>>> print(open('my_file_28.txt').read())   # compact mmCIF, C-alpha atoms
# COMPACT_ATOMS: atom_id res chain seq x y z
CA MET A 1 17.61 9.27 5.42
CA GLU A 2 17.00 8.13 8.98
CA SER A 3 15.82 4.60 9.66
CA GLY A 4 12.10 4.03 9.95
CA PRO A 5 10.02 2.69 12.80
CA LYS A 6 11.12 -0.58 14.35
CA LYS A 7 7.98 -2.25 15.73
CA GLN A 8 6.10 -4.71 13.55
CA ILE A 9 2.48 -5.76 13.75
CA SER A 10 1.46 -9.29 14.80
CA THR A 11 2.23 -12.23 12.52
CA LYS A 12 -1.41 -13.28 13.03
CA ALA A 13 -2.28 -10.34 10.78
CA LEU A 14 -1.14 -12.48 7.85
CA LYS A 15 -3.77 -15.09 8.62
CA VAL A 16 -6.51 -12.48 9.09
CA TRP A 17 -5.62 -10.65 5.86
CA ARG A 18 -5.44 -13.95 3.95
CA ILE A 19 -8.89 -14.99 5.18
CA SER A 20 -10.20 -11.54 4.27
CA GLY A 21 -8.65 -11.90 0.81
CA MET A 22 -10.28 -15.31 0.39
CA ILE A 23 -13.66 -13.85 1.32
CA LYS A 24 -13.23 -11.07 -1.27
CA SER A 25 -12.12 -13.65 -3.85
CA GLY A 26 -15.14 -15.78 -2.98
CA VAL A 27 -17.44 -12.87 -3.78
CA PHE A 28 -15.74 -12.55 -7.17
CA TRP A 29 -16.13 -16.29 -7.82
CA VAL A 30 -19.85 -16.16 -6.99
CA LEU A 31 -20.34 -13.25 -9.39
CA ALA A 32 -18.21 -15.01 -12.02
CA ALA A 33 -20.27 -18.20 -11.65
CA PHE A 34 -23.46 -16.20 -12.17
CA ALA A 35 -21.94 -14.55 -15.25
CA LEU A 36 -20.85 -17.96 -16.59
CA PHE A 37 -24.38 -19.28 -16.06
CA ILE A 38 -25.86 -16.36 -18.02
CA ILE A 39 -23.26 -16.79 -20.79
CA ARG A 40 -24.08 -20.52 -20.97
CA ILE A 41 -27.83 -19.82 -21.27
CA PHE A 42 -27.31 -17.40 -24.15
CA ASN A 43 -24.58 -19.46 -25.87
CA GLY A 44 -21.98 -16.76 -25.36
CA SER A 45 -18.42 -16.70 -26.54
CA LEU A 46 -15.85 -19.11 -25.07
CA TRP A 47 -13.21 -16.42 -24.40
CA ILE A 48 -15.30 -14.71 -21.67
CA PRO A 49 -15.39 -17.75 -19.32
CA ILE A 50 -11.67 -18.32 -19.88
CA LEU A 51 -10.96 -14.66 -19.09
CA LEU A 52 -13.11 -14.80 -15.94
CA VAL A 53 -11.28 -17.89 -14.68
CA VAL A 54 -7.85 -16.33 -15.35
CA ILE A 55 -8.91 -13.11 -13.58
CA GLY A 56 -10.34 -15.13 -10.68
CA ILE A 57 -7.19 -17.19 -10.19
CA THR A 58 -4.99 -14.08 -10.38
CA LEU A 59 -7.24 -12.13 -8.00
CA THR A 60 -7.33 -15.01 -5.51
CA TYR A 61 -3.54 -15.31 -5.52
CA LEU A 62 -3.01 -11.56 -5.14
CA LEU A 63 -5.62 -10.97 -2.41
CA SER A 64 -4.98 -14.17 -0.44
CA PHE A 65 -1.23 -14.69 -0.65
CA LEU A 66 0.97 -12.04 -2.22
CA LEU A 67 -0.52 -8.75 -0.99
CA PRO A 68 -0.98 -9.81 2.67
CA SER A 69 2.66 -10.92 2.85
CA LEU A 70 3.96 -7.72 1.29
CA ARG A 71 1.66 -5.59 3.45
CA TRP A 72 2.82 -7.33 6.64
CA LYS A 73 6.51 -6.95 5.72
CA ARG A 74 6.12 -3.20 5.14
CA TRP A 75 3.95 -2.25 8.14
CA ARG A 76 5.98 -0.66 10.95
CA TYR A 77 5.16 1.72 13.75
CA GLU A 78 6.84 3.39 16.67
CA VAL A 79 5.47 5.53 19.49
CA LYS A 80 7.85 8.13 20.89
CA GLU A 81 7.24 10.81 23.50
CA GLU A 82 6.82 13.57 20.91
CA GLU A 83 5.32 11.67 17.96
CA ILE A 84 3.90 8.51 16.48
CA GLU A 85 5.62 7.23 13.36
CA LEU A 86 3.88 4.92 10.90
CA GLN A 87 5.31 3.25 7.81
CA ARG A 88 3.21 1.34 5.33
CA GLY A 89 2.72 0.72 1.63
CA ILE A 90 3.41 -2.09 -0.78
CA PHE A 91 4.49 -0.26 -3.92
CA ILE A 92 4.68 3.27 -2.54
CA LYS A 93 6.21 3.52 0.92
CA THR A 94 4.36 6.05 3.07
CA ARG A 95 5.81 7.36 6.31
CA THR A 96 3.58 9.40 8.60
CA LEU A 97 4.55 11.39 11.68
CA ILE A 98 1.72 12.28 14.04
CA PRO A 99 2.75 14.91 16.61
CA MET A 100 1.59 13.85 20.07
CA ILE A 101 0.22 17.34 20.65
CA ARG A 102 -2.28 16.79 17.77
CA VAL A 103 -3.72 13.53 19.15
CA GLN A 104 -7.29 14.04 20.34
CA HIS A 105 -8.31 10.50 21.22
CA VAL A 106 -7.28 6.89 20.69
CA ASP A 107 -9.57 3.92 20.00
CA THR A 108 -9.15 0.17 19.72
CA VAL A 109 -11.28 -1.65 17.17
CA GLN A 110 -11.98 -5.35 16.64
CA GLY A 111 -13.95 -6.90 13.84
CA PRO A 112 -15.05 -10.55 13.91
CA LEU A 113 -11.85 -11.86 12.30
CA LEU A 114 -9.58 -9.80 14.54
CA ARG A 115 -11.53 -10.93 17.62
CA LYS A 116 -11.22 -14.60 16.61
CA TYR A 117 -7.43 -14.28 16.46
CA LEU A 118 -7.22 -12.07 19.59
CA LEU A 119 -6.08 -9.03 17.64
CA ALA A 120 -7.16 -5.39 17.68
CA SER A 121 -6.40 -2.25 15.69
CA VAL A 122 -5.46 1.04 17.32
CA ILE A 123 -6.91 4.18 15.74
CA VAL A 124 -5.24 7.49 16.53
CA ASN A 125 -7.52 10.46 15.87
CA THR A 126 -6.42 14.04 15.31
CA ALA A 127 -8.63 17.01 14.43
CA ALA A 128 -8.28 16.35 10.70
CA THR A 129 -7.47 12.66 10.26
CA SER A 130 -7.51 9.15 11.67
CA HIS A 131 -4.54 6.80 11.50
CA GLU A 132 -4.78 3.06 12.06
CA ILE A 133 -2.18 0.67 13.41
CA PRO A 134 -3.70 -2.64 12.31
CA ALA A 135 -3.68 -6.12 13.82
CA LEU A 136 -1.85 -5.86 17.12
CA GLU A 137 -2.18 -8.42 19.89
CA GLU A 138 -5.15 -7.43 22.11
CA SER A 139 -2.99 -6.76 25.16
CA GLU A 140 -0.46 -4.77 23.13
CA ALA A 141 -3.25 -2.71 21.55
CA GLU A 142 -4.72 -1.85 24.96
CA GLU A 143 -1.31 -0.93 26.36
CA LEU A 144 -0.55 1.19 23.31
CA ARG A 145 -3.93 2.95 23.54
CA HIS A 146 -3.30 3.86 27.18
CA PHE A 147 0.32 4.84 26.51
CA ILE A 148 -0.56 7.14 23.59
CA SER A 149 -3.42 8.62 25.58
CA SER A 150 -1.15 9.43 28.52
CA LEU A 151 1.52 10.92 26.23
CA ALA A 152 -1.12 13.02 24.47
CA ARG A 153 -2.34 14.35 27.83
CA VAL A 154 1.20 15.29 28.84
CA ALA A 155 1.79 16.97 25.48
CA ASP A 156 -1.49 18.87 25.88
CA GLU A 157 -0.56 20.05 29.37
CA ASP A 158 2.81 21.35 28.15
CA VAL A 159 1.16 23.77 25.75
>>> encode(input="my_file_28.txt", output="C-alpha cells")
Amino acid sequence: MESGPKKQISTKALKVWRISGMIKSGVFWVLAAFALFIIRIFNGSLWIPILLVVIGITLTYLLSFLLPSLRWKRWRYEVKEEEIELQRGIFIKTRTLIPMIRVQHVDTVQGPLLRKYLLASVIVNTAATSHEIPALEESEAEELRHFISSLARVADEDV
C-alpha cells in the first residue's frame, strides 16, 4: 500500500477543536444541571445524578482532549497536479482521492473560532460532493484555494 498524504493541518486546530469540545460539553452540563434540579424537586433516585456526572466527565474528556488529539494526528492532505488526496478518521481511516478534473469550485470558510486563531477551512466542491480540509493557516488556505482552482482550470482545459 502506498504511503498517504504528507501535509498536516495547523497545530492551532487542536486548540479550536478543544474549545469546540468544551462548548459542546458545556451544553451537556447545562442540560444535566436542569435534569438534576428536576430530580431533586421530585426526590428522584440517587443513581441518576451519579450516572449524569460520570457521563459528563467522560464526555468532557473525550470531546475536549482525546478526540481532538486523535483527529489532528490522523488528518493529512496533499494536492497534486492530477488529484487531491485526503486522509482522515480516528477509528476508521478514510482516504479520498478527488480527481482535479471533477473539481467545480473551491471555497474558504471561517467560523468565529477559526477567525480568532487565524485559521480557515478549504472546501473542494465537485458535482456530487464537498470535501473539507479543516483548520489551515489563513494564508495557506488562500494559497491552496488559488492553487487548486488553477489546477482545476488546467485539467478542465485538457479535456
>>> closest_residue(input="my_file_28.txt", among="A:Ser45, A:Phe28, A:Ile9, A:Ala152", to="Val122 (chain A)", atoms="all atoms listed in the file")
A:Ile9
>>> closest_residue(input="my_file_28.txt", among="A:Ile98, A:Leu119, A:Val106, A:Leu136", to="Val79 (chain A)", atoms="all atoms listed in the file")
A:Ile98
>>> axis_aligned_box(input="my_file_28.txt", around="region 46-58 of chain A", padding_each_side="4 Å", output="AutoDock Vina command-line options")
--center_x -10.4 --center_y -16.1 --center_z -17.6 --size_x 18.9 --size_y 14.0 --size_z 22.9
>>> residues_around(input="my_file_28.txt", residues="region 59-71 of chain A", least_positions_apart="4", cutoff="9 Å", atoms="all atoms listed in the file", output="ChimeraX atom specification")
/A:13-26,28,54-55,75,88-90
>>> residues_near_point(input="my_file_28.txt", point="(-9.4, 14.2, 13.9)", cutoff="12 Å", atoms="all atoms listed in the file", output="ChimeraX atom specification")
/A:98,102-107,123-131
>>> write_last_selection(input="my_file_28.txt", atoms="C-alpha atoms", output="PDB file, in the coordinates of the input")
ATOM      1  CA  ILE A  98       1.720  12.280  14.040  1.00  0.00           C
ATOM      2  CA  ARG A 102      -2.280  16.790  17.770  1.00  0.00           C
ATOM      3  CA  VAL A 103      -3.720  13.530  19.150  1.00  0.00           C
ATOM      4  CA  GLN A 104      -7.290  14.040  20.340  1.00  0.00           C
ATOM      5  CA  HIS A 105      -8.310  10.500  21.220  1.00  0.00           C
ATOM      6  CA  VAL A 106      -7.280   6.890  20.690  1.00  0.00           C
ATOM      7  CA  ASP A 107      -9.570   3.920  20.000  1.00  0.00           C
ATOM      8  CA  ILE A 123      -6.910   4.180  15.740  1.00  0.00           C
ATOM      9  CA  VAL A 124      -5.240   7.490  16.530  1.00  0.00           C
ATOM     10  CA  ASN A 125      -7.520  10.460  15.870  1.00  0.00           C
ATOM     11  CA  THR A 126      -6.420  14.040  15.310  1.00  0.00           C
ATOM     12  CA  ALA A 127      -8.630  17.010  14.430  1.00  0.00           C
ATOM     13  CA  ALA A 128      -8.280  16.350  10.700  1.00  0.00           C
ATOM     14  CA  THR A 129      -7.470  12.660  10.260  1.00  0.00           C
ATOM     15  CA  SER A 130      -7.510   9.150  11.670  1.00  0.00           C
ATOM     16  CA  HIS A 131      -4.540   6.800  11.500  1.00  0.00           C
TER      17      HIS A 131
END
>>> atom_distance(input="my_file_28.txt", atom1="CA of Glu157 (chain A)", atom2="CA of Glu85 (chain A)")
21.4 Å
>>> atom_distance(input="my_file_28.txt", atom1="CA of Leu151 (chain A)", atom2="CA of Glu138 (chain A)")
20.0 Å
>>> closest_residue(input="my_file_28.txt", among="A:Arg40, A:Lys116, A:His146, A:Lys73", to="Thr11 (chain A)", atoms="all atoms listed in the file")
A:Lys73
>>> atom_distance(input="my_file_28.txt", atom1="CA of Pro5 (chain A)", atom2="CA of Tyr117 (chain A)")
24.6 Å
>>> closest_residue(input="my_file_28.txt", among="A:Val27, A:Ala32, A:Ile38, A:Ile148", to="Leu52 (chain A)", atoms="all atoms listed in the file")
A:Ala32
>>> residues_around(input="my_file_28.txt", residues="Lys6 (chain A)", least_positions_apart="2", cutoff="12 Å", atoms="all atoms listed in the file", output="PyMOL selection string")
chain A and resi 2-4+8-9+73-80+84-87
>>> closest_residue(input="my_file_28.txt", among="A:Asn43, A:Pro99, A:Pro49, A:Val154", to="Leu31 (chain A)", atoms="only C-alpha atoms")
A:Pro49
>>> decode(input="my_file_28.txt", residues="region 7-145 of chain A", atoms="C-alpha atoms", output="PDB file, in the first residue's frame")
ATOM      1  CA  LYS A   7       0.812  17.581   4.673  1.00  0.00           C
ATOM      2  CA  GLN A   8      -0.707  18.107   8.101  1.00  0.00           C
ATOM      3  CA  ILE A   9      -3.204  20.724   9.201  1.00  0.00           C
ATOM      4  CA  SER A  10      -2.253  23.522  11.623  1.00  0.00           C
ATOM      5  CA  THR A  11      -1.473  22.685  15.244  1.00  0.00           C
ATOM      6  CA  LYS A  12      -3.843  25.527  16.174  1.00  0.00           C
ATOM      7  CA  ALA A  13      -6.634  23.182  15.089  1.00  0.00           C
ATOM      8  CA  LEU A  14      -6.119  21.341  18.378  1.00  0.00           C
ATOM      9  CA  LYS A  15      -6.962  24.461  20.352  1.00  0.00           C
ATOM     10  CA  VAL A  16     -10.013  25.238  18.201  1.00  0.00           C
ATOM     11  CA  TRP A  17     -11.333  21.666  18.408  1.00  0.00           C
ATOM     12  CA  ARG A  18     -10.736  21.579  22.176  1.00  0.00           C
ATOM     13  CA  ILE A  19     -12.658  24.823  22.674  1.00  0.00           C
ATOM     14  CA  SER A  20     -15.437  23.465  20.465  1.00  0.00           C
ATOM     15  CA  GLY A  21     -15.486  20.273  22.544  1.00  0.00           C
ATOM     16  CA  MET A  22     -15.710  22.315  25.748  1.00  0.00           C
ATOM     17  CA  ILE A  23     -18.651  24.261  24.344  1.00  0.00           C
ATOM     18  CA  LYS A  24     -20.443  21.010  23.460  1.00  0.00           C
ATOM     19  CA  SER A  25     -19.640  19.625  26.916  1.00  0.00           C
ATOM     20  CA  GLY A  26     -20.944  22.824  28.478  1.00  0.00           C
ATOM     21  CA  VAL A  27     -24.280  22.327  26.744  1.00  0.00           C
ATOM     22  CA  PHE A  28     -24.440  18.811  28.206  1.00  0.00           C
ATOM     23  CA  TRP A  29     -23.611  20.132  31.690  1.00  0.00           C
ATOM     24  CA  VAL A  30     -26.372  22.760  31.474  1.00  0.00           C
ATOM     25  CA  LEU A  31     -28.895  20.100  30.466  1.00  0.00           C
ATOM     26  CA  ALA A  32     -27.583  17.760  33.176  1.00  0.00           C
ATOM     27  CA  ALA A  33     -27.904  20.515  35.802  1.00  0.00           C
ATOM     28  CA  PHE A  34     -31.507  21.093  34.741  1.00  0.00           C
ATOM     29  CA  ALA A  35     -32.183  17.349  34.960  1.00  0.00           C
ATOM     30  CA  LEU A  36     -30.560  17.208  38.411  1.00  0.00           C
ATOM     31  CA  PHE A  37     -32.732  20.120  39.542  1.00  0.00           C
ATOM     32  CA  ILE A  38     -35.889  18.325  38.371  1.00  0.00           C
ATOM     33  CA  ILE A  39     -34.757  15.074  40.017  1.00  0.00           C
ATOM     34  CA  ARG A  40     -34.089  16.956  43.271  1.00  0.00           C
ATOM     35  CA  ILE A  41     -37.561  18.554  43.219  1.00  0.00           C
ATOM     36  CA  PHE A  42     -39.281  15.193  42.782  1.00  0.00           C
ATOM     37  CA  ASN A  43     -36.971  13.296  45.184  1.00  0.00           C
ATOM     38  CA  GLY A  44     -35.641  11.069  42.420  1.00  0.00           C
ATOM     39  CA  SER A  45     -33.236   8.209  42.693  1.00  0.00           C
ATOM     40  CA  LEU A  46     -29.583   8.826  43.614  1.00  0.00           C
ATOM     41  CA  TRP A  47     -28.158   6.701  40.765  1.00  0.00           C
ATOM     42  CA  ILE A  48     -29.368   9.109  38.034  1.00  0.00           C
ATOM     43  CA  PRO A  49     -27.294  12.107  39.233  1.00  0.00           C
ATOM     44  CA  ILE A  50     -24.253   9.864  39.660  1.00  0.00           C
ATOM     45  CA  LEU A  51     -24.733   8.495  36.135  1.00  0.00           C
ATOM     46  CA  LEU A  52     -25.124  12.014  34.700  1.00  0.00           C
ATOM     47  CA  VAL A  53     -21.901  13.183  36.370  1.00  0.00           C
ATOM     48  CA  VAL A  54     -19.961  10.132  35.127  1.00  0.00           C
ATOM     49  CA  ILE A  55     -21.312  10.639  31.595  1.00  0.00           C
ATOM     50  CA  GLY A  56     -20.494  14.364  31.778  1.00  0.00           C
ATOM     51  CA  ILE A  57     -16.915  13.806  32.897  1.00  0.00           C
ATOM     52  CA  THR A  58     -16.364  11.136  30.230  1.00  0.00           C
ATOM     53  CA  LEU A  59     -17.951  13.284  27.514  1.00  0.00           C
ATOM     54  CA  THR A  60     -15.881  16.327  28.507  1.00  0.00           C
ATOM     55  CA  TYR A  61     -12.656  14.310  28.397  1.00  0.00           C
ATOM     56  CA  LEU A  62     -13.482  12.720  25.040  1.00  0.00           C
ATOM     57  CA  LEU A  63     -14.705  15.890  23.281  1.00  0.00           C
ATOM     58  CA  SER A  64     -12.134  18.276  24.762  1.00  0.00           C
ATOM     59  CA  PHE A  65      -8.937  16.243  24.949  1.00  0.00           C
ATOM     60  CA  LEU A  66      -8.795  12.772  23.430  1.00  0.00           C
ATOM     61  CA  LEU A  67     -10.754  13.118  20.168  1.00  0.00           C
ATOM     62  CA  PRO A  68      -9.188  16.436  19.049  1.00  0.00           C
ATOM     63  CA  SER A  69      -5.686  14.988  19.516  1.00  0.00           C
ATOM     64  CA  LEU A  70      -6.502  11.804  17.622  1.00  0.00           C
ATOM     65  CA  ARG A  71      -8.294  13.745  14.888  1.00  0.00           C
ATOM     66  CA  TRP A  72      -5.328  16.102  14.421  1.00  0.00           C
ATOM     67  CA  LYS A  73      -2.823  13.222  14.271  1.00  0.00           C
ATOM     68  CA  ARG A  74      -4.820  11.453  11.538  1.00  0.00           C
ATOM     69  CA  TRP A  75      -5.704  14.422   9.290  1.00  0.00           C
ATOM     70  CA  ARG A  76      -3.449  14.618   6.221  1.00  0.00           C
ATOM     71  CA  TYR A  77      -3.850  16.088   2.775  1.00  0.00           C
ATOM     72  CA  GLU A  78      -1.873  16.541  -0.390  1.00  0.00           C
ATOM     73  CA  VAL A  79      -2.628  18.422  -3.594  1.00  0.00           C
ATOM     74  CA  LYS A  80      -1.069  17.003  -6.743  1.00  0.00           C
ATOM     75  CA  GLU A  81      -1.489  18.094 -10.352  1.00  0.00           C
ATOM     76  CA  GLU A  82      -3.973  15.322 -11.145  1.00  0.00           C
ATOM     77  CA  GLU A  83      -5.739  14.844  -7.791  1.00  0.00           C
ATOM     78  CA  ILE A  84      -6.322  15.909  -4.222  1.00  0.00           C
ATOM     79  CA  GLU A  85      -5.734  13.245  -1.594  1.00  0.00           C
ATOM     80  CA  LEU A  86      -7.331  13.427   1.847  1.00  0.00           C
ATOM     81  CA  GLN A  87      -6.814  11.117   4.810  1.00  0.00           C
ATOM     82  CA  ARG A  88      -8.862  11.318   7.975  1.00  0.00           C
ATOM     83  CA  GLY A  89     -10.592   9.214  10.590  1.00  0.00           C
ATOM     84  CA  ILE A  90      -9.973   8.274  14.184  1.00  0.00           C
ATOM     85  CA  PHE A  91     -11.107   4.661  14.324  1.00  0.00           C
ATOM     86  CA  ILE A  92     -11.714   4.067  10.630  1.00  0.00           C
ATOM     87  CA  LYS A  93      -9.089   5.576   8.346  1.00  0.00           C
ATOM     88  CA  THR A  94     -10.669   7.092   5.235  1.00  0.00           C
ATOM     89  CA  ARG A  95      -8.603   8.051   2.209  1.00  0.00           C
ATOM     90  CA  THR A  96     -10.245  10.078  -0.536  1.00  0.00           C
ATOM     91  CA  LEU A  97      -8.908  10.899  -3.986  1.00  0.00           C
ATOM     92  CA  ILE A  98     -10.579  13.801  -5.765  1.00  0.00           C
ATOM     93  CA  PRO A  99      -9.648  13.964  -9.469  1.00  0.00           C
ATOM     94  CA  MET A 100      -8.743  17.530 -10.405  1.00  0.00           C
ATOM     95  CA  ILE A 101     -10.952  17.250 -13.480  1.00  0.00           C
ATOM     96  CA  ARG A 102     -14.012  16.830 -11.182  1.00  0.00           C
ATOM     97  CA  VAL A 103     -13.372  19.982  -9.123  1.00  0.00           C
ATOM     98  CA  GLN A 104     -16.003  22.623  -9.866  1.00  0.00           C
ATOM     99  CA  HIS A 105     -15.127  25.302  -7.341  1.00  0.00           C
ATOM    100  CA  VAL A 106     -13.127  25.854  -4.169  1.00  0.00           C
ATOM    101  CA  ASP A 107     -14.168  27.891  -1.116  1.00  0.00           C
ATOM    102  CA  THR A 108     -12.509  29.022   2.092  1.00  0.00           C
ATOM    103  CA  VAL A 109     -14.652  29.156   5.217  1.00  0.00           C
ATOM    104  CA  GLN A 110     -14.036  30.721   8.635  1.00  0.00           C
ATOM    105  CA  GLY A 111     -16.253  30.468  11.666  1.00  0.00           C
ATOM    106  CA  PRO A 112     -15.738  32.662  14.744  1.00  0.00           C
ATOM    107  CA  LEU A 113     -13.284  30.268  16.410  1.00  0.00           C
ATOM    108  CA  LEU A 114     -11.252  29.734  13.242  1.00  0.00           C
ATOM    109  CA  ARG A 115     -11.130  33.500  12.645  1.00  0.00           C
ATOM    110  CA  LYS A 116      -9.902  34.137  16.210  1.00  0.00           C
ATOM    111  CA  TYR A 117      -6.972  31.776  15.658  1.00  0.00           C
ATOM    112  CA  LEU A 118      -6.313  32.971  12.074  1.00  0.00           C
ATOM    113  CA  LEU A 119      -7.362  29.667  10.542  1.00  0.00           C
ATOM    114  CA  ALA A 120      -9.626  28.775   7.626  1.00  0.00           C
ATOM    115  CA  SER A 121     -11.031  25.611   6.074  1.00  0.00           C
ATOM    116  CA  VAL A 122     -10.825  24.872   2.360  1.00  0.00           C
ATOM    117  CA  ILE A 123     -13.877  23.254   0.794  1.00  0.00           C
ATOM    118  CA  VAL A 124     -13.428  21.488  -2.540  1.00  0.00           C
ATOM    119  CA  ASN A 125     -16.722  21.052  -4.402  1.00  0.00           C
ATOM    120  CA  THR A 126     -17.410  18.535  -7.144  1.00  0.00           C
ATOM    121  CA  ALA A 127     -20.730  17.900  -8.892  1.00  0.00           C
ATOM    122  CA  ALA A 128     -21.766  15.321  -6.302  1.00  0.00           C
ATOM    123  CA  THR A 129     -19.880  16.098  -3.090  1.00  0.00           C
ATOM    124  CA  SER A 130     -17.982  18.594  -0.977  1.00  0.00           C
ATOM    125  CA  HIS A 131     -14.713  17.790   0.768  1.00  0.00           C
ATOM    126  CA  GLU A 132     -13.252  19.892   3.563  1.00  0.00           C
ATOM    127  CA  ILE A 133      -9.636  20.398   4.532  1.00  0.00           C
ATOM    128  CA  PRO A 134     -10.085  21.848   8.023  1.00  0.00           C
ATOM    129  CA  ALA A 135      -8.105  24.369  10.050  1.00  0.00           C
ATOM    130  CA  LEU A 136      -5.304  25.594   7.814  1.00  0.00           C
ATOM    131  CA  GLU A 137      -3.432  28.833   8.417  1.00  0.00           C
ATOM    132  CA  GLU A 138      -5.317  31.669   6.648  1.00  0.00           C
ATOM    133  CA  SER A 139      -2.505  32.358   4.184  1.00  0.00           C
ATOM    134  CA  GLU A 140      -2.040  28.661   3.433  1.00  0.00           C
ATOM    135  CA  ALA A 141      -5.795  28.230   2.888  1.00  0.00           C
ATOM    136  CA  GLU A 142      -5.885  31.133   0.418  1.00  0.00           C
ATOM    137  CA  GLU A 143      -2.837  29.835  -1.452  1.00  0.00           C
ATOM    138  CA  LEU A 144      -4.313  26.349  -1.568  1.00  0.00           C
ATOM    139  CA  ARG A 145      -7.666  27.664  -2.825  1.00  0.00           C
TER     140      ARG A 145
END
